[in-house]
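One file, data04.txt, carrying compact mmCIF, C-alpha atoms and all ligand atoms:
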# COMPACT_ATOMS: atom_id res chain seq x y z
CA MET A 1029 -198.28 -15.29 -28.47
CA SER A 1030 -201.28 -13.35 -29.68
CA LEU A 1031 -202.48 -10.19 -27.97
CA ALA A 1032 -205.81 -10.08 -29.79
CA VAL A 1033 -207.68 -9.92 -26.51
CA ASP A 1034 -210.76 -8.03 -25.44
CA ASP A 1035 -210.73 -5.15 -22.95
CA HIS A 1036 -209.84 -6.29 -19.42
CA GLU A 1037 -208.97 -9.79 -20.62
CA GLY A 1038 -205.57 -11.36 -20.03
CA VAL A 1039 -203.21 -13.79 -21.68
CA ALA A 1040 -200.30 -15.83 -20.28
CA ASP A 1041 -196.90 -16.17 -21.95
CA GLU A 1042 -193.62 -17.85 -21.10
CA PHE A 1043 -190.13 -16.68 -22.01
CA ARG A 1044 -187.03 -18.70 -21.11
CA GLY A 1045 -188.89 -20.36 -18.28
CA ALA A 1046 -190.21 -17.06 -16.88
CA ALA A 1047 -193.97 -16.62 -16.62
CA MET A 1048 -195.48 -13.43 -18.07
CA TRP A 1049 -199.03 -12.19 -17.77
CA TRP A 1050 -200.45 -9.59 -20.17
CA ARG A 1051 -203.68 -7.75 -19.48
CA LYS A 1052 -205.43 -5.29 -21.72
CA THR A 1053 -206.77 -2.23 -19.93
CA LYS A 1054 -208.98 0.63 -20.96
CA ALA A 1055 -209.00 4.00 -19.24
CA VAL A 1056 -211.54 6.69 -19.98
CA SER A 1057 -210.13 10.18 -20.14
CA GLY A 1058 -211.20 12.40 -17.25
CA ALA A 1059 -210.70 15.59 -19.26
CA THR A 1060 -213.69 17.47 -20.57
CA VAL A 1061 -213.12 16.93 -24.23
CA ILE A 1062 -215.67 17.13 -27.00
CA THR A 1063 -214.89 14.40 -29.49
CA TRP A 1064 -216.58 12.95 -32.55
CA SER A 1065 -215.42 9.44 -31.76
CA PRO A 1066 -215.87 7.70 -28.40
CA ARG A 1067 -212.50 5.94 -29.09
CA ASP A 1068 -210.68 9.30 -28.79
CA ALA A 1069 -211.74 9.60 -25.17
CA GLU A 1070 -210.46 6.10 -24.33
CA HIS A 1071 -206.91 5.10 -23.67
CA ARG A 1072 -205.98 1.45 -24.21
CA SER A 1073 -202.81 -0.19 -22.99
CA TYR A 1074 -201.30 -3.56 -22.14
CA ARG A 1075 -200.07 -4.20 -18.60
CA LEU A 1076 -197.33 -6.79 -18.21
CA THR A 1077 -196.95 -8.61 -14.88
CA PHE A 1078 -193.93 -10.80 -14.00
CA HIS A 1079 -191.85 -11.76 -10.97
CA ARG A 1080 -189.42 -9.04 -9.93
CA ARG A 1081 -186.43 -11.39 -10.33
CA HIS A 1082 -187.09 -11.43 -14.10
CA ARG A 1083 -186.92 -7.66 -14.45
CA ARG A 1084 -183.59 -7.68 -16.30
CA LEU A 1085 -184.64 -10.50 -18.60
CA VAL A 1086 -187.84 -8.62 -19.45
CA GLU A 1087 -186.18 -5.28 -20.11
CA GLU A 1088 -183.18 -6.54 -22.02
CA GLU A 1089 -184.56 -9.48 -23.91
CA TYR A 1090 -188.27 -10.10 -23.63
CA LEU A 1091 -189.60 -6.64 -24.59
CA PRO A 1092 -187.23 -6.23 -27.59
CA PHE A 1093 -188.27 -9.74 -28.67
CA VAL A 1094 -191.98 -8.87 -28.40
CA LEU A 1095 -191.51 -5.64 -30.38
CA ALA A 1096 -189.56 -7.41 -33.14
CA GLU A 1097 -192.19 -10.17 -33.34
CA GLY A 1098 -194.92 -7.53 -33.48
CA ARG A 1099 -193.22 -5.81 -36.40
CA ALA A 1100 -192.79 -9.14 -38.22
CA VAL A 1101 -196.47 -9.99 -37.72
CA ALA A 1102 -197.46 -6.55 -39.03
CA VAL A 1103 -195.36 -7.15 -42.16
CA ARG A 1104 -196.83 -10.64 -42.62
CA ASN A 1105 -200.38 -9.34 -42.30
CA ARG A 1106 -199.75 -6.32 -44.48
CA GLN A 1107 -202.07 -6.26 -47.46
CA ARG A 1108 -200.08 -5.49 -50.57
CA ARG A 1109 -201.47 -2.67 -52.66
CA LEU A 1110 -201.47 -1.79 -56.33
CA PHE A 1111 -201.33 1.96 -56.88
CA THR A 1112 -202.14 3.84 -60.09
CA ASN A 1113 -201.59 7.55 -60.63
CA ASN A 1114 -204.68 9.76 -60.77
CA PRO A 1115 -205.13 12.32 -63.55
CA ALA A 1116 -203.12 15.39 -62.52
CA ALA A 1117 -206.23 17.60 -62.78
CA ASP A 1118 -207.54 15.79 -59.65
CA TRP A 1119 -204.56 16.60 -57.44
CA ALA A 1120 -201.95 18.90 -58.98
CA PHE A 1121 -203.77 22.13 -58.07
CA ASN A 1122 -205.56 20.80 -55.05
CA GLU A 1123 -203.87 20.70 -51.62
CA GLY A 1124 -205.70 17.64 -50.31
CA GLY A 1125 -205.76 15.77 -53.63
CA HIS A 1126 -204.32 12.28 -53.83
CA ALA A 1127 -201.80 11.59 -56.55
CA TRP A 1128 -202.31 7.83 -56.30
CA SER A 1129 -205.30 5.53 -55.81
CA HIS A 1130 -204.96 1.94 -54.80
CA VAL A 1131 -206.66 -1.43 -54.80
CA LYS A 1132 -205.61 -4.67 -53.10
CA LEU A 1133 -202.83 -6.40 -54.97
CA GLU A 1134 -204.12 -9.92 -55.39
CA HIS A 1135 -202.13 -11.19 -58.36
CA PRO A 1136 -201.42 -14.88 -57.64
CA SER A 1137 -198.17 -15.08 -59.60
CA THR A 1138 -195.14 -16.39 -57.71
CA PHE A 1139 -191.67 -17.50 -58.75
CA ASP A 1140 -192.92 -21.09 -58.48
CA THR A 1141 -195.57 -20.50 -61.14
CA LEU A 1142 -193.39 -18.28 -63.34
CA ALA A 1143 -192.31 -20.17 -66.44
CA MET A 1144 -188.69 -19.51 -67.29
CA ASP A 1145 -185.30 -21.11 -67.31
CA PRO A 1146 -184.64 -22.27 -63.68
CA VAL A 1147 -181.04 -21.01 -63.65
CA ARG A 1148 -182.12 -17.50 -64.66
CA LYS A 1149 -184.96 -17.60 -62.16
CA GLN A 1150 -182.52 -18.45 -59.36
CA GLU A 1151 -180.22 -15.56 -60.39
CA ILE A 1152 -183.13 -13.13 -60.12
CA LEU A 1153 -184.26 -14.57 -56.78
CA ASP A 1154 -180.70 -14.28 -55.40
CA ASP A 1155 -180.51 -10.68 -56.59
CA LEU A 1156 -183.83 -9.78 -54.95
CA ASP A 1157 -182.82 -11.54 -51.75
CA MET A 1158 -179.53 -9.66 -51.67
CA PHE A 1159 -181.36 -6.38 -52.21
CA ARG A 1160 -184.01 -7.00 -49.55
CA ASP A 1161 -181.48 -7.83 -46.87
CA GLY A 1162 -178.93 -5.31 -48.11
CA LYS A 1163 -179.73 -2.28 -45.94
CA HIS A 1164 -176.35 -2.30 -44.19
CA TYR A 1165 -174.44 -3.27 -47.30
CA TYR A 1166 -175.93 -0.40 -49.31
CA ALA A 1167 -175.20 2.02 -46.47
CA SER A 1168 -171.63 0.76 -46.12
CA VAL A 1169 -170.84 1.36 -49.80
CA GLY A 1170 -172.61 4.74 -49.79
CA LYS A 1171 -175.34 3.71 -52.25
CA ALA A 1172 -179.02 4.57 -51.99
CA TRP A 1173 -181.04 1.48 -51.18
CA LYS A 1174 -182.68 1.12 -54.57
CA ARG A 1175 -182.40 -1.19 -57.52
CA GLY A 1176 -183.54 -0.93 -61.12
CA TYR A 1177 -184.63 -3.82 -63.32
CA LEU A 1178 -185.23 -3.65 -67.04
CA LEU A 1179 -187.56 -6.40 -68.25
CA TYR A 1180 -187.50 -6.75 -72.00
CA GLY A 1181 -188.82 -9.20 -74.54
CA PRO A 1182 -191.69 -9.90 -76.94
CA PRO A 1183 -195.35 -9.59 -75.88
CA GLY A 1184 -196.74 -12.38 -73.73
CA THR A 1185 -193.42 -13.58 -72.37
CA GLY A 1186 -194.29 -12.77 -68.75
CA LYS A 1187 -192.94 -9.28 -67.98
CA SER A 1188 -196.03 -8.21 -66.02
CA THR A 1189 -196.26 -11.68 -64.47
CA MET A 1190 -192.65 -11.34 -63.28
CA ILE A 1191 -193.44 -7.98 -61.62
CA ALA A 1192 -196.30 -9.55 -59.66
CA ALA A 1193 -194.05 -12.45 -58.65
CA MET A 1194 -191.40 -9.98 -57.45
CA ALA A 1195 -193.97 -8.03 -55.41
CA ASN A 1196 -195.29 -11.22 -53.84
CA PHE A 1197 -191.77 -12.47 -53.10
CA LEU A 1198 -190.62 -9.21 -51.50
CA ASP A 1199 -193.98 -8.32 -49.99
CA TYR A 1200 -193.81 -4.85 -51.56
CA ASP A 1201 -196.52 -2.54 -52.89
CA VAL A 1202 -196.58 -1.82 -56.61
CA TYR A 1203 -196.90 1.70 -58.06
CA ASP A 1204 -197.94 1.39 -61.68
CA LEU A 1205 -196.91 4.74 -63.14
CA GLU A 1206 -198.82 5.65 -66.29
CA LEU A 1207 -196.32 8.10 -67.68
CA THR A 1208 -198.55 9.28 -70.53
CA ALA A 1209 -200.89 10.79 -67.90
CA VAL A 1210 -198.06 12.85 -66.39
CA LYS A 1211 -197.79 16.25 -67.96
CA SER A 1212 -194.65 17.74 -66.45
CA ASN A 1213 -191.47 17.03 -64.52
CA THR A 1214 -193.08 18.79 -61.55
CA GLU A 1215 -195.94 16.29 -61.51
CA LEU A 1216 -193.50 13.43 -61.89
CA ARG A 1217 -191.52 14.71 -58.90
CA ARG A 1218 -194.65 14.83 -56.74
CA LEU A 1219 -195.65 11.32 -57.79
CA PHE A 1220 -192.24 9.92 -56.85
CA ILE A 1221 -192.24 11.72 -53.52
CA ASP A 1222 -195.69 10.34 -52.72
CA THR A 1223 -194.55 6.72 -53.01
CA THR A 1224 -193.70 4.83 -49.84
CA GLY A 1225 -190.75 2.57 -48.97
CA LYS A 1226 -190.89 -1.18 -49.67
CA SER A 1227 -192.34 -0.52 -53.06
CA ILE A 1228 -191.85 -1.33 -56.71
CA ILE A 1229 -192.39 1.55 -59.13
CA VAL A 1230 -193.25 0.25 -62.57
CA ILE A 1231 -193.26 2.04 -65.90
CA GLU A 1232 -194.59 -0.43 -68.45
CA ASP A 1233 -193.78 -0.14 -72.15
CA ILE A 1234 -191.40 2.71 -71.47
CA ASP A 1235 -190.60 3.08 -75.17
CA CYS A 1236 -194.27 3.82 -75.92
CA SER A 1237 -194.94 5.94 -72.84
CA ILE A 1238 -193.18 9.05 -73.92
CA ASP A 1239 -190.50 10.38 -76.24
CA LEU A 1240 -187.64 9.17 -74.12
CA THR A 1241 -185.37 7.87 -76.82
CA GLY A 1242 -181.97 9.30 -77.58
CA LYS A 1243 -183.00 9.38 -81.23
CA ARG A 1244 -185.20 12.33 -80.36
CA LYS A 1245 -182.09 14.46 -80.46
CA ASN A 1246 -181.43 13.53 -84.09
CA ASN A 1247 -184.93 14.36 -85.13
CA LYS A 1248 -184.99 17.45 -87.37
CA ARG A 1249 -188.04 18.98 -85.71
CA ASN A 1250 -186.49 18.62 -82.29
CA MET A 1251 -183.29 20.22 -83.50
CA VAL A 1252 -185.30 23.22 -84.64
CA ASN A 1253 -187.09 23.28 -81.28
CA ASP A 1254 -183.80 22.97 -79.42
CA ASN A 1255 -182.38 25.88 -81.42
CA LYS A 1256 -185.48 27.96 -80.66
CA LYS A 1257 -185.08 27.10 -76.99
CA LYS A 1258 -181.47 28.28 -76.98
CA MET A 1259 -182.72 31.70 -78.04
CA MET A 1260 -185.23 31.92 -75.17
CA PRO A 1261 -184.35 33.73 -71.92
CA PRO A 1262 -183.15 31.13 -69.34
CA MET A 1263 -186.26 31.45 -67.14
CA ASP A 1264 -188.64 30.75 -70.03
CA ARG A 1265 -186.44 27.85 -71.03
CA ASP A 1266 -186.77 26.26 -67.56
CA GLU A 1267 -190.50 26.82 -67.58
CA ASP A 1268 -190.75 25.19 -70.98
CA GLU A 1269 -188.84 22.14 -69.67
CA GLU A 1270 -191.12 21.97 -66.62
CA LYS A 1271 -194.19 21.79 -68.85
CA LYS A 1272 -193.44 18.29 -70.04
CA VAL A 1273 -191.82 15.10 -68.89
CA THR A 1274 -188.36 14.87 -70.35
CA LEU A 1275 -185.74 12.17 -70.44
CA SER A 1276 -183.48 14.26 -68.25
CA GLY A 1277 -186.40 14.82 -65.84
CA LEU A 1278 -186.90 11.11 -65.52
CA LEU A 1279 -183.17 10.46 -65.10
CA ASN A 1280 -183.00 13.09 -62.36
CA PHE A 1281 -185.71 11.39 -60.38
CA ILE A 1282 -184.20 7.96 -60.76
CA ASP A 1283 -180.77 9.18 -59.66
CA GLY A 1284 -181.26 12.06 -57.33
CA LEU A 1285 -184.43 13.08 -55.68
CA TRP A 1286 -185.88 9.62 -55.44
CA SER A 1287 -182.66 8.24 -53.95
CA ALA A 1288 -182.87 10.86 -51.26
CA CYS A 1289 -186.34 9.68 -50.22
CA GLY A 1290 -184.85 6.73 -48.31
CA GLY A 1291 -186.53 3.35 -47.80
CA GLU A 1292 -186.03 0.38 -50.02
CA ARG A 1293 -187.38 0.93 -53.51
CA ILE A 1294 -187.25 -0.88 -56.79
CA ILE A 1295 -187.92 0.65 -60.17
CA ILE A 1296 -188.85 -1.51 -63.14
CA PHE A 1297 -189.12 -0.56 -66.79
CA THR A 1298 -190.63 -2.97 -69.26
CA THR A 1299 -190.28 -2.81 -73.00
CA ASN A 1300 -190.78 -4.94 -76.08
CA HIS A 1301 -187.97 -3.01 -77.80
CA LYS A 1302 -184.86 -2.59 -75.70
CA GLU A 1303 -182.95 -1.33 -78.74
CA LYS A 1304 -185.22 1.73 -78.95
CA LEU A 1305 -184.26 3.01 -75.50
CA ASP A 1306 -181.70 5.68 -74.85
CA PRO A 1307 -178.61 3.95 -73.40
CA ALA A 1308 -178.46 6.63 -70.69
CA LEU A 1309 -181.82 5.50 -69.36
CA ILE A 1310 -180.85 1.87 -68.95
CA ARG A 1311 -177.20 2.09 -68.00
CA ARG A 1312 -176.02 0.19 -64.92
CA GLY A 1313 -176.69 2.16 -61.76
CA ARG A 1314 -180.10 3.07 -63.17
CA MET A 1315 -181.30 -0.22 -64.54
CA ASP A 1316 -178.92 -2.48 -62.62
CA MET A 1317 -180.14 -5.77 -63.98
CA HIS A 1318 -181.39 -6.36 -67.52
CA ILE A 1319 -183.68 -9.36 -67.66
CA GLU A 1320 -184.63 -10.82 -70.98
CA MET A 1321 -188.03 -12.50 -71.04
CA SER A 1322 -188.18 -14.63 -74.11
CA TYR A 1323 -190.04 -17.30 -76.00
CA CYS A 1324 -190.98 -20.50 -74.26
CA CYS A 1325 -188.17 -23.02 -73.75
CA PHE A 1326 -188.76 -26.60 -72.64
CA GLU A 1327 -187.99 -25.86 -68.98
CA ALA A 1328 -190.54 -23.03 -68.99
CA PHE A 1329 -193.08 -25.32 -70.70
CA LYS A 1330 -192.65 -27.89 -67.91
CA VAL A 1331 -193.58 -25.24 -65.32
CA LEU A 1332 -196.70 -24.33 -67.32
CA ALA A 1333 -197.68 -27.99 -67.80
CA LYS A 1334 -197.42 -28.47 -64.04
CA ASN A 1335 -199.39 -25.27 -63.30
CA TYR A 1336 -202.16 -25.82 -65.81
CA LEU A 1337 -202.47 -29.60 -65.99
CA GLY A 1338 -200.66 -30.90 -62.93
CA VAL A 1339 -198.38 -33.16 -65.04
CA GLU A 1340 -194.61 -33.49 -64.83
CA GLN A 1341 -194.18 -36.24 -67.44
CA HIS A 1342 -196.04 -37.30 -70.56
CA GLU A 1343 -195.27 -39.19 -73.75
CA LEU A 1344 -195.78 -35.99 -75.80
CA PHE A 1345 -193.09 -34.10 -73.86
CA GLY A 1346 -190.34 -35.40 -76.18
CA GLU A 1347 -192.03 -34.04 -79.29
CA ILE A 1348 -192.89 -30.77 -77.55
CA ARG A 1349 -189.24 -30.33 -76.56
CA HIS A 1350 -188.12 -30.69 -80.21
CA LEU A 1351 -190.82 -28.39 -81.54
CA LEU A 1352 -190.02 -25.70 -78.94
CA GLU A 1353 -186.41 -25.75 -80.12
CA GLU A 1354 -187.61 -24.90 -83.63
CA VAL A 1355 -190.55 -22.60 -83.04
CA ASN A 1356 -190.82 -19.26 -81.23
CA ILE A 1357 -193.97 -19.26 -79.13
CA SER A 1358 -194.67 -17.06 -76.13
CA PRO A 1359 -195.45 -18.59 -72.71
CA ALA A 1360 -198.82 -16.78 -72.97
CA ASP A 1361 -199.65 -18.77 -76.13
CA VAL A 1362 -198.43 -22.03 -74.61
CA ALA A 1363 -200.55 -21.33 -71.51
CA GLU A 1364 -203.61 -20.65 -73.66
CA ASN A 1365 -203.19 -23.98 -75.46
CA LEU A 1366 -202.69 -25.85 -72.19
CA MET A 1367 -205.73 -24.34 -70.53
CA PRO A 1368 -208.42 -27.04 -70.19
CA ARG A 1369 -211.64 -26.17 -72.02
CA SER A 1370 -213.81 -28.14 -69.61
CA LYS A 1371 -213.77 -29.14 -65.96
CA ARG A 1372 -212.66 -32.65 -66.94
CA LYS A 1373 -209.12 -31.34 -67.50
CA ASP A 1374 -208.20 -33.83 -70.23
CA VAL A 1375 -204.39 -33.74 -70.24
CA ASP A 1376 -204.02 -35.59 -73.57
CA VAL A 1377 -206.38 -33.21 -75.37
CA CYS A 1378 -204.58 -30.10 -74.04
CA LEU A 1379 -201.10 -31.38 -74.89
CA GLU A 1380 -202.22 -32.49 -78.36
CA ARG A 1381 -203.67 -29.04 -78.94
CA LEU A 1382 -200.30 -27.52 -78.09
CA VAL A 1383 -198.46 -29.97 -80.36
CA LYS A 1384 -200.80 -29.03 -83.22
CA ALA A 1385 -200.25 -25.31 -82.62
CA LEU A 1386 -196.47 -25.84 -82.62
CA ARG A 1387 -196.58 -27.96 -85.79
CA ASP A 1388 -198.75 -25.35 -87.54
CA SER A 1389 -196.36 -22.61 -86.51
CA LYS A 1390 -193.37 -24.63 -87.73
CA GLU A 1391 -195.08 -25.20 -91.07
CA SER A 1392 -196.01 -21.56 -91.60
CA LYS A 1393 -192.45 -20.57 -90.68
CA ALA A 1394 -191.12 -22.96 -93.34
CA THR A 1395 -193.60 -21.68 -95.92
CA SER A 1396 -192.77 -18.03 -95.29
CA ALA A 1397 -189.03 -18.81 -95.41
CA LYS A 1398 -189.59 -20.55 -98.76
CA ASN A 1399 -191.58 -17.61 -100.10
CA LYS A 1400 -188.94 -15.17 -98.90
CA GLY A 1401 -186.29 -17.28 -100.65
CA CYS A 1402 -188.29 -17.12 -103.90
CA VAL A 1403 -188.77 -13.37 -103.66
CA LYS A 1404 -185.12 -12.85 -102.84
CA GLY A 1405 -184.07 -15.13 -105.71
CA ASN A 1406 -186.23 -13.09 -108.08
CA GLU A 1407 -184.88 -9.81 -106.73
CA GLU A 1408 -181.32 -10.98 -107.20
CA THR A 1409 -181.96 -11.94 -110.82
CA ASP A 1410 -183.82 -8.65 -111.45
CA ASP A 1411 -181.25 -6.40 -109.87
CA ASP A 1412 -177.90 -7.73 -108.73
CA SER A 1413 -176.77 -4.35 -107.49
CA ASP A 1414 -179.42 -4.19 -104.76
CA GLU A 1415 -177.52 -5.03 -101.58
CA HIS A 1416 -180.34 -4.14 -99.22
CA GLU A 1417 -180.96 -6.89 -96.66
CA GLU A 1418 -184.02 -7.36 -94.53
CA SER A 1419 -183.44 -8.09 -90.87
CA ASP A 1420 -185.78 -10.01 -88.62
CA SER A 1421 -186.44 -7.81 -85.65
CA SER A 1422 -187.49 -10.75 -83.49
CA ASN A 1423 -184.05 -12.28 -83.86
CA HIS A 1424 -181.91 -9.24 -83.22
CA SER A 1425 -178.90 -10.06 -81.09
CA GLU A 1426 -178.11 -8.16 -77.93
CA ASP A 1427 -174.76 -6.47 -77.81
CA ASP A 1428 -174.74 -5.96 -74.08
CA ASN A 1429 -173.12 -8.92 -72.34
CA SER A 1430 -172.62 -7.43 -68.93
CA ASP A 1431 -172.63 -9.65 -65.84
CA SER A 1432 -175.95 -8.26 -64.72
CA ASP A 1433 -177.71 -9.37 -67.89
CA VAL A 1434 -179.95 -12.34 -67.52
CA HIS A 1435 -180.56 -13.81 -70.94
CA ASP A 1436 -183.02 -16.42 -72.00
CA PRO A 1437 -181.33 -19.17 -74.01
CA LYS A 1438 -184.11 -18.89 -76.61
CA GLY A 1439 -183.49 -15.20 -76.94
CA GLN A 1440 -179.94 -15.91 -78.10
CA GLU A 1441 -181.06 -17.69 -81.21
N1 LIG Q 1501 -193.25 -16.61 -68.10
C1 LIG Q 1501 -194.53 -16.85 -67.81
N2 LIG Q 1501 -194.88 -17.63 -66.77
C2 LIG Q 1501 -196.15 -17.89 -66.47
N3 LIG Q 1501 -197.18 -17.36 -67.14
C3 LIG Q 1501 -196.91 -16.56 -68.18
C4 LIG Q 1501 -195.57 -16.25 -68.55
N4 LIG Q 1501 -195.59 -15.42 -69.62
C5 LIG Q 1501 -196.89 -15.22 -69.91
N5 LIG Q 1501 -197.68 -15.89 -69.06
C6 LIG Q 1501 -199.16 -15.91 -69.10
O1 LIG Q 1501 -199.54 -15.05 -70.16
C7 LIG Q 1501 -200.29 -13.92 -69.70
C8 LIG Q 1501 -199.71 -12.65 -70.33
O2 LIG Q 1501 -198.39 -12.46 -69.84
P1 LIG Q 1501 -197.79 -11.04 -69.40
O3 LIG Q 1501 -198.87 -10.01 -69.39
O4 LIG Q 1501 -197.03 -11.22 -68.14
O5 LIG Q 1501 -196.81 -10.78 -70.61
P2 LIG Q 1501 -196.02 -9.47 -70.98
O6 LIG Q 1501 -194.64 -9.91 -71.38
O7 LIG Q 1501 -196.10 -8.49 -69.87
O8 LIG Q 1501 -196.79 -8.97 -72.25
P3 LIG Q 1501 -196.84 -7.47 -72.89
O9 LIG Q 1501 -195.47 -7.15 -73.39
O10 LIG Q 1501 -197.84 -7.64 -74.00
O11 LIG Q 1501 -197.33 -6.56 -71.79
C9 LIG Q 1501 -200.15 -13.93 -68.20
O12 LIG Q 1501 -201.35 -13.56 -67.57
C10 LIG Q 1501 -199.79 -15.35 -67.85
O13 LIG Q 1501 -200.97 -16.09 -67.64
In structure tokens, how does this file's structure come out?
Amino acid sequence: MSLAVDDHEGVADEFRGAAMWWRKTKAVSGATVITWSPRDAEHRSYRLTFHRRHRRLVEEEYLPFVLAEGRAVAVRNRQRRLFTNNPAADWAFNEGGHAWSHVKLEHPSTFDTLAMDPVRKQEILDDLDMFRDGKHYYASVGKAWKRGYLLYGPPGTGKSTMIAAMANFLDYDVYDLELTAVKSNTELRRLFIDTTGKSIIVIEDIDCSIDLTGKRKNNKRNMVNDNKKKMMPPMDRDEDEEKKVTLSGLLNFIDGLWSACGGERIIIFTTNHKEKLDPALIRRGRMDMHIEMSYCCFEAFKVLAKNYLGVEQHELFGEIRHLLEEVNISPADVAENLMPRSKRKDVDVCLERLVKALRDSKESKATSAKNKGCVKGNEETDDDSDEHEESDSSNHSEDDNSDSDVHDPKGQE
């Protein structure tokens, strides 16, 4: 039933065999009020008419049903928004200033178009589903209704795309927090408080945003600063801490203040270098699920081929499968190769272009391995005592095998 009716118009409804009649009415206020808007002086309402024998049905079942439906429609029609934080100078010292500005969130990414291993995708979807419907569960175990996800992996593997898919799946707003623009813990606190429920707060490239790494503590300059700080009177020390965003400030907001705000909220950190992050920042309870976004596997390629070319089978798929097992290529690069260059959308041309890119990459990998072997051979003959070994950062293995980790098979290479 829709109640999008004009003033003094009516609409009929039926509930469990009982006839209902809704009419929209408008009353003009009799009070002598001076108002800027004519709407302020009008009072609109809906009048419901039904047979008196249905009174109980209406009160106990029909009206609660209508209200619940109304809320569901409001959620369905809700326009998702993408918020970004304004420079603090615009709001921090100004009562009416807005900490966030927003635009419509119109990113088309969904879990259907997201290229990744289907088993991992399902695990993430189940986790989000459990979170969304978990209000009572969270309350029963005494946990704040919030969840943290750490998305990590090389550039172009779909971390931002995943965030958009999550927002579309959950129907949440996204708050994209640019941490480098936040000058103090006080500002950070205000920004967190100004977010609404049903939202995803994102800090992208957290390792680059700010000095949040545990290694900071080992840094000589910081040790000197920390020693200086110990000699300050306590009040100055606090003030000094307030003047910048600190790791402990961020942890406090994730754990404490933000939890107390109520309403379902998700926080997401993304990084290309998980190993650089302070373990305290990403421990379970803060970042509950660690999701590795990795190079393109064959299953992910099939999703991209379907998205970009509309094909689910092709004679080149066999070769592409083998090449993807040998070569590390990001989904972004695969997508770029698959993208038709003309409206004709020539599937063969696009797939051949991808095969060529994969072959080239395989060849250059072999050449650089050969060259490395030569250099190493020379080094060993020159100086046998040199035990230094170079490690390939793209192949570093993760040591964290917790249940909540979602790994990409390619990332385990
Ligand atoms: N897993 C994926 N599924 C579908 N499309 C993808 C995926 N990964 C990358 N893409 C495509 O590549 C583009 C870049 O991906 P995205 O920005 O999500 O990567 P990223 O991991 O966030 O990169 P960065 O670390 O550089 O921010 C996207 O706009 C999308 O078109």
Kindly provide the residues of stretch 1277-1316 of chain A that approach stretch 1187-1202 of chain A to within 12 Å, each paired with its closest atom pair and their distance in Å to one decimal, based on only C-alpha atoms, listed by chain and increasing number, as a tab-separated table.
residue	atom	partner	partner_atom	distance
A:Gly1291	CA	A:Tyr1200	CA	11.6
A:Glu1292	CA	A:Tyr1200	CA	9.5
A:Arg1293	CA	A:Tyr1200	CA	8.9
A:Ile1294	CA	A:Tyr1200	CA	9.3
A:Ile1295	CA	A:Val1202	CA	9.7
A:Ile1296	CA	A:Ile1191	CA	8.1
A:Phe1297	CA	A:Lys1187	CA	9.6
A:Thr1298	CA	A:Lys1187	CA	6.8
A:Thr1299	CA	A:Lys1187	CA	8.6
A:Asn1300	CA	A:Lys1187	CA	9.4
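Between A:Ile1348 and the residues A:Val1383, A:Asp1316, A:Leu1133, A:Lys1371, the shortest atom-to-atom distance, using all atoms listed in the file, involves A:Val1383.
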- Find the residues near ligand LIG 1501 (chain Q). Use a cut-off of 6 Å, count only C-alpha atoms and all ligand atoms, and write them as a list in words.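 Here is the list of contacting residues: Thr1141, Leu1142, Ala1143, Met1144, Pro1182, Pro1183, Gly1184, Thr1185, Gly1186, Lys1187, Ser1188, Thr1189, Asn1300, Pro1359 and Ala1360 of chain A.
Between atom CA of A:Val1147 and atom CA of A:Ala1333 lies a distance of 18.5 Å.
Going from atom CA of A:Lys1171 to atom CA of A:Asp1222 covers 21.4 Å.
Of the listed residues A:His1082, A:Arg1349, A:Lys1211, A:Lys1226, the one whose atoms come nearest to A:Arg1106 is A:Lys1226, with distances taken using all atoms listed in the file.
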- Distance query 7 Å from (-193.6, -6.5, -19.8) using all atoms listed in the file, result as a list in words: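 Using all atoms listed in the file, the matching residues come out as Arg1075, Leu1076, Thr1077, Val1086 and Leu1091 of chain A.
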Do a neighbour search on A:Pro1115 at 10 Å with all atoms listed in the file, toss out local chain neighbours closer than 6 positions, and write the hits as a short mmCIF file (atom, residue, chain, number, x, y, z; two decimals) with C-alpha atoms, in the frame of the given file.
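Below you can see around_29.cif, which holds the result:
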data_model
loop_
_atom_site.label_atom_id
_atom_site.label_comp_id
_atom_site.auth_asym_id
_atom_site.auth_seq_id
_atom_site.Cartn_x
_atom_site.Cartn_y
_atom_site.Cartn_z
CA HIS A 1126 -204.32 12.28 -53.83
CA ALA A 1127 -201.80 11.59 -56.55
CA TRP A 1128 -202.31 7.83 -56.30
CA GLU A 1206 -198.82 5.65 -66.29
CA ALA A 1209 -200.89 10.79 -67.90
CA VAL A 1210 -198.06 12.85 -66.39
CA LYS A 1211 -197.79 16.25 -67.96
#
- Task: In Å, rounded to a single decimal, give me how far atom CA of A:Leu1153 is from atom CA of A:His1350.
- Result: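 It comes out at 28.7 Å.
Of the listed residues (A:Ser1276, A:Thr1223, A:Thr1208, A:Ser1073), A:Thr1223 comes nearest to A:Leu1110; the distances count only C-alpha atoms.
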- Message: So, with all atoms listed in the file as the atoms that count, which of A:Asn1365, A:Thr1224, A:Asn1356, A:Asn1105 lies closest to A:Lys1393?
- Response: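 Result for the nearest residue to A:Lys1393: A:Asn1356.
Residues with any atom within 12 Å of A:Arg1080, counting all atoms listed in the file and excluding same-chain neighbours fewer than 6 positions away, are Ala1046, Ala1047, Met1048, Val1086 and Glu1087 of chain A.
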- Message: I'd like the contact shell of stretch 1335-1341 of chain A - 7 Å cut-off, only C-alpha atoms, skipping same-chain residues fewer than 5 positions apart - returned as an MDAnalysis selection string.
- Response: chainID A and resid 1141 1330 1366:1367 1375
- Message: Using only C-alpha atoms and a cutoff of 10 Å, can you tell me which residues are near (-180.8, -3.0, -52.1) in the file's coordinates, and write them out as number ranges by chain?
- Response: A: 1155-1167, 1171-1176, 1291-1294
